[in-house]
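**Student:** File upload36.pdb below, PDB, C-alpha atoms:
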ATOM      1  CA  MET A  11      39.070 -28.092 -53.743
ATOM      2  CA  HIS A  12      42.265 -28.736 -51.833
ATOM      3  CA  LYS A  13      43.026 -32.327 -50.928
ATOM      4  CA  THR A  14      45.401 -32.037 -47.991
ATOM      5  CA  LEU A  15      45.696 -29.895 -44.894
ATOM      6  CA  ALA A  16      49.311 -29.110 -45.730
ATOM      7  CA  PHE A  17      48.323 -27.614 -49.065
ATOM      8  CA  VAL A  18      45.505 -25.631 -47.521
ATOM      9  CA  VAL A  19      47.721 -24.200 -44.770
ATOM     10  CA  SER A  20      50.459 -23.309 -47.266
ATOM     11  CA  SER A  21      48.075 -21.552 -49.610
ATOM     12  CA  LEU A  22      44.467 -20.566 -48.945
ATOM     13  CA  LEU A  23      44.741 -20.629 -45.184
ATOM     14  CA  LEU A  24      47.420 -18.005 -45.287
ATOM     15  CA  ILE A  25      44.591 -15.656 -46.215
ATOM     16  CA  PRO A  26      41.745 -14.698 -43.857
ATOM     17  CA  ALA A  27      38.024 -15.163 -44.402
ATOM     18  CA  ALA A  28      34.992 -14.828 -42.143
ATOM     19  CA  GLN A  29      31.271 -14.576 -41.627
ATOM     20  CA  ALA A  30      29.550 -11.276 -40.870
ATOM     21  CA  ALA A  31      26.592  -9.113 -41.796
ATOM     22  CA  ARG A  32      27.214  -7.345 -45.087
ATOM     23  CA  THR A  33      26.945  -3.599 -45.574
ATOM     24  CA  PRO A  34      27.562  -1.610 -48.770
ATOM     25  CA  HIS A  35      31.267  -1.252 -49.648
ATOM     26  CA  VAL A  36      31.644   2.523 -49.816
ATOM     27  CA  ALA A  37      34.530   4.935 -49.519
ATOM     28  CA  HIS A  38      33.759   6.195 -45.994
ATOM     29  CA  VAL A  39      33.580   2.745 -44.393
ATOM     30  CA  SER A  40      35.846   2.222 -41.374
ATOM     31  CA  LEU A  41      38.715  -0.247 -41.545
ATOM     32  CA  VAL A  42      36.938  -2.589 -39.112
ATOM     33  CA  GLN A  43      33.653  -2.544 -41.010
ATOM     34  CA  ASN A  44      35.599  -2.981 -44.240
ATOM     35  CA  GLU A  45      37.006  -6.228 -42.811
ATOM     36  CA  TYR A  46      33.525  -7.516 -41.997
ATOM     37  CA  ASP A  47      32.336  -6.524 -45.476
ATOM     38  CA  PHE A  48      35.295  -8.378 -46.965
ATOM     39  CA  ALA A  49      34.416 -11.461 -44.913
ATOM     40  CA  ALA A  50      30.809 -11.353 -46.053
ATOM     41  CA  GLU A  51      31.864 -11.007 -49.696
ATOM     42  CA  VAL A  52      33.978 -14.158 -49.408
ATOM     43  CA  ALA A  53      31.163 -16.015 -47.630
ATOM     44  CA  LYS A  54      28.745 -15.096 -50.415
ATOM     45  CA  HIS A  55      30.882 -15.338 -53.533
ATOM     46  CA  GLY A  56      33.731 -17.660 -52.537
ATOM     47  CA  ILE A  57      37.411 -17.227 -51.779
ATOM     48  CA  ARG A  58      38.696 -16.338 -55.237
ATOM     49  CA  ASP A  59      36.062 -13.790 -56.247
ATOM     50  CA  GLY A  60      35.788 -12.304 -52.762
ATOM     51  CA  PHE A  61      39.495 -11.686 -52.478
ATOM     52  CA  LEU A  62      39.816 -10.231 -55.965
ATOM     53  CA  LYS A  63      37.323  -7.504 -55.018
ATOM     54  CA  TYR A  64      39.395  -6.351 -52.034
ATOM     55  CA  LEU A  65      43.006  -6.902 -53.115
ATOM     56  CA  ASP A  66      45.102  -4.141 -54.621
ATOM     57  CA  LYS A  67      46.488  -5.273 -57.977
ATOM     58  CA  GLN A  68      50.011  -5.002 -56.553
ATOM     59  CA  SER A  69      49.161  -6.756 -53.268
ATOM     60  CA  ILE A  70      51.542  -9.277 -51.734
ATOM     61  CA  THR A  71      50.944 -12.608 -50.024
ATOM     62  CA  PHE A  72      53.160 -15.532 -49.046
ATOM     63  CA  GLY A  73      52.735 -18.551 -51.263
ATOM     64  CA  PRO A  74      55.031 -19.603 -49.612
ATOM     65  CA  GLN A  75      57.523 -16.976 -50.849
ATOM     66  CA  PRO A  76      56.338 -13.398 -51.463
ATOM     67  CA  ILE A  77      54.170 -13.264 -54.592
ATOM     68  CA  ASN A  78      51.524 -11.027 -56.155
ATOM     69  CA  ALA A  79      48.272 -11.921 -54.388
ATOM     70  CA  PHE A  80      45.953 -10.452 -57.034
ATOM     71  CA  ASP A  81      47.597 -12.486 -59.793
ATOM     72  CA  ARG A  82      47.478 -15.603 -57.662
ATOM     73  CA  TYR A  83      43.746 -15.386 -57.093
ATOM     74  CA  SER A  84      43.084 -14.336 -60.687
ATOM     75  CA  GLN A  85      44.736 -17.562 -61.849
ATOM     76  CA  GLY A  86      43.160 -19.739 -59.141
ATOM     77  CA  LYS A  87      40.125 -21.963 -59.247
ATOM     78  CA  ALA A  88      36.950 -21.674 -57.224
ATOM     79  CA  SER A  89      37.042 -23.512 -53.895
ATOM     80  CA  LYS A  90      34.353 -24.905 -51.615
ATOM     81  CA  THR A  91      36.502 -24.294 -48.539
ATOM     82  CA  GLN A  92      34.630 -22.140 -46.022
ATOM     83  CA  LEU A  93      36.887 -19.500 -44.490
ATOM     84  CA  LEU A  94      35.663 -17.492 -41.520
ATOM     85  CA  TRP A  95      37.391 -14.625 -39.743
ATOM     86  CA  TYR A  96      36.945 -11.438 -37.751
ATOM     87  CA  PRO A  97      39.201  -8.544 -36.679
ATOM     88  CA  SER A  98      40.443  -8.400 -33.078
ATOM     89  CA  TYR A  99      42.934  -5.540 -33.586
ATOM     90  CA  ALA A 100      43.042  -2.565 -35.953
ATOM     91  CA  LEU A 101      45.063   0.628 -36.217
ATOM     92  CA  VAL A 102      44.927   3.503 -38.712
ATOM     93  CA  SER A 103      47.572   6.123 -39.466
ATOM     94  CA  ALA A 104      47.021   9.778 -38.588
ATOM     95  CA  SER A 105      46.374  10.435 -42.275
ATOM     96  CA  GLY A 106      43.440   8.006 -42.107
ATOM     97  CA  ASP A 107      44.207   6.308 -45.415
ATOM     98  CA  PHE A 108      46.625   3.567 -44.260
ATOM     99  CA  GLY A 109      45.963   0.853 -41.721
ATOM    100  CA  VAL A 110      46.635  -2.616 -40.371
ATOM    101  CA  ASP A 111      44.352  -5.209 -38.822
ATOM    102  CA  THR A 112      44.596  -8.786 -37.627
ATOM    103  CA  GLY A 113      42.606 -11.537 -35.949
ATOM    104  CA  PRO A 114      41.814 -15.268 -35.960
ATOM    105  CA  TRP A 115      40.607 -17.352 -38.904
ATOM    106  CA  THR A 116      38.870 -20.722 -39.090
ATOM    107  CA  ALA A 117      38.580 -22.946 -42.148
ATOM    108  CA  HIS A 118      36.210 -25.826 -42.890
ATOM    109  CA  TRP A 119      36.497 -28.193 -45.845
ATOM    110  CA  GLU A 120      35.826 -31.785 -46.811
ATOM    111  CA  GLU A 121      38.617 -34.253 -47.463
ATOM    112  CA  GLU A 122      37.934 -37.828 -48.569
ATOM    113  CA  GLY A 123      34.401 -37.602 -47.260
ATOM    114  CA  LYS A 124      35.403 -36.238 -43.838
ATOM    115  CA  GLN A 125      34.928 -32.716 -42.529
ATOM    116  CA  GLN A 126      38.179 -30.926 -41.645
ATOM    117  CA  THR A 127      38.842 -27.791 -39.609
ATOM    118  CA  ALA A 128      41.943 -25.623 -39.212
ATOM    119  CA  TYR A 129      42.766 -22.433 -37.314
ATOM    120  CA  GLY A 130      45.219 -19.581 -37.451
ATOM    121  CA  GLU A 131      45.863 -15.847 -37.437
ATOM    122  CA  TRP A 132      45.683 -13.430 -40.354
ATOM    123  CA  LEU A 133      47.387 -10.098 -40.946
ATOM    124  CA  SER A 134      46.299  -7.486 -43.500
ATOM    125  CA  ILE A 135      47.657  -4.073 -44.463
ATOM    126  CA  TRP A 136      45.364  -1.602 -46.184
ATOM    127  CA  ALA A 137      45.518   1.687 -48.053
ATOM    128  CA  LYS A 138      42.752   3.752 -49.606
ATOM    129  CA  ASP A 139      42.799   4.048 -53.391
ATOM    130  CA  SER A 140      41.978   7.176 -55.405
ATOM    131  CA  THR A 141      38.253   6.670 -54.758
ATOM    132  CA  GLY A 142      38.720   6.352 -50.996
ATOM    133  CA  THR A 143      38.081   2.594 -51.044
ATOM    134  CA  TRP A 144      40.196   0.315 -48.840
ATOM    135  CA  LYS A 145      42.418  -2.079 -50.816
ATOM    136  CA  ALA A 146      44.664  -4.716 -49.252
ATOM    137  CA  LEU A 147      48.379  -4.172 -49.915
ATOM    138  CA  PHE A 148      49.348  -7.315 -48.000
ATOM    139  CA  ASP A 149      47.452 -10.346 -46.778
ATOM    140  CA  ALA A 150      48.862 -13.499 -45.238
ATOM    141  CA  GLY A 151      48.869 -15.367 -41.965
ATOM    142  CA  THR A 152      49.879 -18.294 -39.802
ATOM    143  CA  GLY A 153      48.275 -21.586 -38.791
ATOM    144  CA  HIS A 154      47.943 -23.325 -35.410
ATOM    145  CA  ASP A 155      46.031 -26.231 -33.871
ATOM    146  CA  ALA A 156      43.660 -24.585 -31.406
ATOM    147  CA  GLU A 157      40.974 -21.965 -31.910
ATOM    148  CA  ASP A 158      41.884 -18.406 -30.914
ATOM    149  CA  LYS A 159      38.942 -16.924 -29.010
ATOM    150  CA  ALA A 160      40.164 -13.334 -29.090
ATOM    151  CA  LYS A 161      37.432 -10.765 -28.551
ATOM    152  CA  PRO A 162      36.172  -9.431 -31.894
ATOM    153  CA  LEU A 163      36.030  -5.734 -32.637
ATOM    154  CA  ALA A 164      32.433  -4.660 -33.092
ATOM    155  CA  PRO A 165      31.282  -3.887 -36.641
ATOM    156  CA  HIS A 166      31.174  -0.139 -37.279
ATOM    157  CA  SER A 167      33.326   0.408 -34.180
ATOM    158  CA  LYS A 168      35.660   3.380 -34.104
ATOM    159  CA  VAL A 169      39.146   2.374 -35.185
ATOM    160  CA  ALA A 170      42.152   3.391 -33.080
ATOM    161  CA  GLN A 171      44.027   6.113 -34.954
ATOM    162  CA  LEU A 172      47.514   7.442 -34.395
ATOM    163  CA  PRO A 173      47.632  11.104 -33.309
ATOM    164  CA  ALA A 174      48.632  13.789 -35.762
ATOM    165  CA  VAL A 175      52.247  14.895 -35.447
ATOM    166  CA  SER A 176      52.957  18.609 -35.420
ATOM    167  CA  GLY A 177      55.496  20.013 -37.824
ATOM    168  CA  PRO A 178      56.611  18.848 -41.264
ATOM    169  CA  VAL A 179      56.642  15.163 -42.186
ATOM    170  CA  ALA A 180      59.810  13.724 -43.687
ATOM    171  CA  SER A 181      59.781  12.600 -47.306
ATOM    172  CA  VAL A 182      58.530   9.116 -48.102
ATOM    173  CA  ASP A 183      62.029   8.111 -49.186
ATOM    174  CA  ASP A 184      63.580   9.318 -45.916
ATOM    175  CA  LEU A 185      60.871   7.595 -43.862
ATOM    176  CA  HIS A 186      61.349   4.356 -45.783
ATOM    177  CA  ASP A 187      65.137   4.520 -45.352
ATOM    178  CA  ALA A 188      64.757   5.031 -41.596
ATOM    179  CA  MET A 189      62.380   2.086 -41.377
ATOM    180  CA  MET A 190      64.861  -0.042 -43.332
ATOM    181  CA  ARG A 191      67.587   0.905 -40.863
ATOM    182  CA  ALA A 192      65.321  -0.105 -37.978
ATOM    183  CA  ASP A 193      64.741  -3.468 -39.666
ATOM    184  CA  THR A 194      68.498  -3.932 -40.041
ATOM    185  CA  VAL A 195      69.015  -3.147 -36.345
ATOM    186  CA  PHE A 196      66.428  -5.805 -35.494
ATOM    187  CA  SER A 197      68.210  -8.359 -37.698
ATOM    188  CA  ASN A 198      71.619  -7.543 -36.240
ATOM    189  CA  ASP A 199      70.279  -7.742 -32.685
ATOM    190  CA  ALA A 200      68.750 -11.166 -33.396
ATOM    191  CA  ILE A 201      72.146 -12.402 -34.589
ATOM    192  CA  ASN A 202      74.318 -10.762 -31.952
ATOM    193  CA  LYS A 203      72.025 -10.580 -28.896
ATOM    194  CA  GLY A 204      69.293 -13.139 -29.579
ATOM    195  CA  LEU A 205      65.804 -13.051 -31.089
ATOM    196  CA  ARG A 206      64.138 -12.282 -27.762
ATOM    197  CA  ALA A 207      66.442  -9.298 -27.247
ATOM    198  CA  ALA A 208      65.718  -8.119 -30.806
ATOM    199  CA  TYR A 209      61.977  -8.025 -30.098
ATOM    200  CA  GLU A 210      62.559  -6.357 -26.729
ATOM    201  CA  ASN A 211      64.866  -3.688 -28.172
ATOM    202  CA  SER A 212      62.941  -2.950 -31.371
ATOM    203  CA  GLY A 213      59.362  -3.702 -30.337
ATOM    204  CA  THR A 214      56.600  -1.548 -28.939
ATOM    205  CA  ASP A 215      55.326  -2.500 -25.477
ATOM    206  CA  ASP A 216      52.185  -3.876 -27.171
ATOM    207  CA  ILE A 217      54.070  -5.794 -29.874
ATOM    208  CA  ARG A 218      52.213  -8.699 -31.488
ATOM    209  CA  VAL A 219      54.231 -11.699 -32.738
ATOM    210  CA  LEU A 220      52.602 -14.208 -35.098
ATOM    211  CA  MET A 221      54.475 -17.477 -35.580
ATOM    212  CA  LEU A 222      53.503 -20.731 -37.261
ATOM    213  CA  GLY A 223      52.074 -23.304 -34.880
ATOM    214  CA  GLY A 224      51.313 -21.047 -31.912
ATOM    215  CA  GLN A 225      48.791 -18.551 -30.648
ATOM    216  CA  PRO A 226      49.711 -14.872 -31.168
ATOM    217  CA  LEU A 227      52.087 -13.437 -28.576
ATOM    218  CA  LEU A 228      50.608 -10.186 -27.273
ATOM    219  CA  GLY A 229      53.005  -7.772 -25.607
ATOM    220  CA  LYS A 230      56.653  -7.971 -24.605
ATOM    221  CA  ALA A 231      55.991  -9.932 -21.410
ATOM    222  CA  GLU A 232      54.153 -12.727 -23.230
ATOM    223  CA  MET A 233      56.696 -12.704 -26.042
ATOM    224  CA  ALA A 234      59.565 -13.136 -23.564
ATOM    225  CA  LYS A 235      57.950 -16.287 -22.139
ATOM    226  CA  VAL A 236      57.923 -18.022 -25.538
ATOM    227  CA  VAL A 237      60.702 -16.660 -27.748
ATOM    228  CA  PRO A 238      64.000 -18.379 -26.879
ATOM    229  CA  ASP A 239      66.858 -16.377 -25.418
ATOM    230  CA  ALA A 240      69.340 -17.653 -27.983
ATOM    231  CA  LEU A 241      71.354 -16.131 -30.803
ATOM    232  CA  SER A 242      69.670 -16.394 -34.179
ATOM    233  CA  ASP A 243      71.424 -17.932 -37.164
ATOM    234  CA  LEU A 244      69.197 -15.955 -39.539
ATOM    235  CA  GLN A 245      69.423 -12.546 -41.173
ATOM    236  CA  TRP A 246      66.307 -10.583 -42.207
ATOM    237  CA  PHE A 247      66.413  -9.140 -45.742
ATOM    238  CA  PRO A 248      63.584  -6.770 -46.795
ATOM    239  CA  MET A 249      62.159  -6.953 -50.320
ATOM    240  CA  GLY A 250      59.527  -4.222 -50.291
ATOM    241  CA  GLY A 251      57.214  -2.109 -48.212
ATOM    242  CA  SER A 252      55.353   1.166 -47.867
ATOM    243  CA  VAL A 253      54.783   4.061 -45.466
ATOM    244  CA  ALA A 254      51.683   6.118 -44.654
ATOM    245  CA  LYS A 255      51.590   9.712 -45.912
ATOM    246  CA  SER A 256      51.562  10.854 -42.299
ATOM    247  CA  GLY A 257      54.862   9.032 -41.735
ATOM    248  CA  ASP A 258      53.730   7.166 -38.623
ATOM    249  CA  LEU A 259      52.870   3.658 -39.855
ATOM    250  CA  GLY A 260      54.639   1.433 -42.354
ATOM    251  CA  TYR A 261      55.669  -2.106 -43.198
ATOM    252  CA  LEU A 262      58.468  -4.158 -44.687
ATOM    253  CA  TYR A 263      58.203  -7.709 -45.976
ATOM    254  CA  GLY A 264      61.015  -9.979 -47.014
ATOM    255  CA  MET A 265      62.863 -13.222 -46.476
ATOM    256  CA  THR A 266      65.294 -14.672 -43.983
ATOM    257  CA  TYR A 267      68.582 -16.373 -44.841
ATOM    258  CA  LYS A 268      71.268 -18.163 -42.892
ATOM    259  CA  THR A 269      73.897 -15.722 -41.695
ATOM    260  CA  GLY A 270      76.537 -17.473 -43.794
ATOM    261  CA  ASP A 271      74.411 -17.195 -46.945
ATOM    262  CA  THR A 272      75.693 -13.734 -47.908
ATOM    263  CA  ALA A 273      74.606 -14.214 -51.545
ATOM    264  CA  HIS A 274      71.028 -14.972 -50.402
ATOM    265  CA  LEU A 275      70.854 -18.193 -52.393
ATOM    266  CA  THR A 276      68.675 -20.289 -50.074
ATOM    267  CA  PRO A 277      65.806 -18.504 -48.293
ATOM    268  CA  GLN A 278      64.765 -19.941 -44.947
ATOM    269  CA  GLY A 279      61.531 -18.074 -44.302
ATOM    270  CA  THR A 280      59.321 -15.084 -45.011
ATOM    271  CA  TYR A 281      58.409 -12.206 -42.737
ATOM    272  CA  MET A 282      56.214  -9.150 -42.437
ATOM    273  CA  HIS A 283      57.200  -6.392 -40.026
ATOM    274  CA  VAL A 284      54.713  -3.598 -39.306
ATOM    275  CA  TRP A 285      56.422  -0.524 -37.866
ATOM    276  CA  ARG A 286      54.972   2.390 -35.862
ATOM    277  CA  LYS A 287      56.852   5.687 -35.613
ATOM    278  CA  GLY A 288      56.840   7.752 -32.436
ATOM    279  CA  VAL A 289      59.105  10.183 -30.636
ATOM    280  CA  ASP A 290      61.608   7.345 -30.163
ATOM    281  CA  GLY A 291      61.684   6.480 -33.861
ATOM    282  CA  TRP A 292      60.393   3.395 -35.657
ATOM    283  CA  LYS A 293      59.281   0.572 -33.356
ATOM    284  CA  LEU A 294      58.137  -2.916 -34.338
ATOM    285  CA  LEU A 295      54.373  -3.198 -33.818
ATOM    286  CA  ILE A 296      53.559  -6.557 -35.467
ATOM    287  CA  ALA A 297      55.926  -9.313 -36.578
ATOM    288  CA  GLU A 298      54.768 -12.244 -38.681
ATOM    289  CA  GLU A 299      57.464 -14.881 -39.044
ATOM    290  CA  LEU A 300      56.997 -17.967 -41.263
ATOM    291  CA  PRO A 301      59.548 -20.694 -42.030
ATOM    292  CA  LEU A 302      59.600 -21.984 -45.586
ATOM    293  CA  PRO A 303      58.858 -25.654 -46.266
ATOM    294  CA  ALA A 304      62.098 -27.554 -46.796
ATOM    295  CA  SER A 305      61.593 -27.806 -50.561
ATOM    296  CA  ALA A 306      60.507 -24.166 -51.062
ATOM    297  CA  GLY A 307      63.924 -22.623 -50.520
ATOM    298  CA  LYS A 308      65.714 -24.806 -53.062
TER     299      LYS A 308
END
As structure tokens, what does this structure read like?
**Tutor:**
Amino acid sequence: MHKTLAFVVSSLLLIPAAQAARTPHVAHVSLVQNEYDFAAEVAKHGIRDGFLKYLDKQSITFGPQPINAFDRYSQGKASKTQLLWYPSYALVSASGDFGVDTGPWTAHWEEEGKQQTAYGEWLSIWAKDSTGTWKALFDAGTGHDAEDKAKPLAPHSKVAQLPAVSGPVASVDDLHDAMMRADTVFSNDAINKGLRAAYENSGTDDIRVLMLGGQPLLGKAEMAKVVPDALSDLQWFPMGGSVAKSGDLGYLYGMTYKTGDTAHLTPQGTYMHVWRKGVDGWKLLIAEELPLPASAGK
């Protein structure tokens, strides 16, 4: 059991959990129902065992730097912390085997004889394995002080799916390279034009921004009210990612560094950028930005 809120937020609370009615975990389950099944598995069997059932063996989380999530939970101990969550947003690629979802989490635990509660937002990226079962490729999140009362998606509800694109799809390598270039444009805009301008230029109209300590920012208008109109002193450096077979949904995760740190010696934060491809190219759909604790980058 974790003894301090700081440790919980920096580790277990970066991962979602929730309470929901359980249904059999089968290959044809929708992404939304899969999330509720995942939540129920954690509620029944605990954080470690529940997550190990749903994580891909190469999955990534932030702990606080990017690490293998499956290995982390395999090496972890059982916890009595109660983690609850539900999905409030979900999107699936046109190919139907790659998706992203997000929503609020709540955690309850006991510390020195007193009940504690914490809140935040989670973000997961999923792909179907060879059996057609959803496995999480990425799972992490942010923490904040107040409960997010976002409307939950109904279990078994139809998941929004990107439309099929006519004509041939570019190769995975070409799609990934184009997404990397879009991420570089975002980073350069943040440095040269300001972080707000970077989100405005690179983001979709319905962009979602998840930052530590605050409620999720939904849409460009809400983002512009909160994100400062100031030049950033950070550069975004991707470490890995993946793209749907249909070439319309993908993600990059990585770390941020001071602009003067060209050798990337001292990371300042971690990030996950989910990208959606349309007629105007790759656009930033979800951004999760997390600063590293002062000691973590040394």
**Student:** Which residue out of A:Trp285, A:Val169, A:Gly56, A:Asp271 has the minimum interatomic distance to Lys87 of chain A when only C-alpha atoms are used?
**Tutor:**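 Among the listed residues, the smallest separation from Lys87 of chain A belongs to A:Gly56.
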**Student:** Report as a list in words the residues that result from applying the PyMOL selection byres ((chain A and resi 60) around 10) to the structure here.
**Tutor:**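 With the PyMOL selection byres ((chain A and resi 60) around 10) on this model, the match is Ala27, Asp47, Phe48, Ala49, Ala50, Glu51, Val52, Ala53, Lys54, His55, Gly56, Ile57, Arg58, Asp59, Phe61, Leu62, Lys63, Tyr64, Leu65 and Tyr83 of chain A.
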**Student:** So that I can see what lies close to His274 of chain A, please list as a VMD selection string the residues with an atom at most 12 Å from it, counting only C-alpha atoms and leaving out residues fewer than 4 positions away in the same chain.
**Tutor:** chain A and resid 244 to 249 264 to 270 278 to 279 307 to 308
**Student:** Please identify all polymer residues lying at most 9 Å from the point (48.2, -9.4, -41.7) (file coordinates), using all atoms listed in the file, and present the result as number ranges by chain.
**Tutor:** A: 25-26, 110-113, 131-135, 148-151, 282, 296, 298
**Student:** Any idea what the distance is between atom CA of Ala192 of chain A and atom CA of Ile70 of chain A?
**Tutor:**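 Pair atom CA of Ala192 of chain A / atom CA of Ile70 of chain A returns 21.5 Å.
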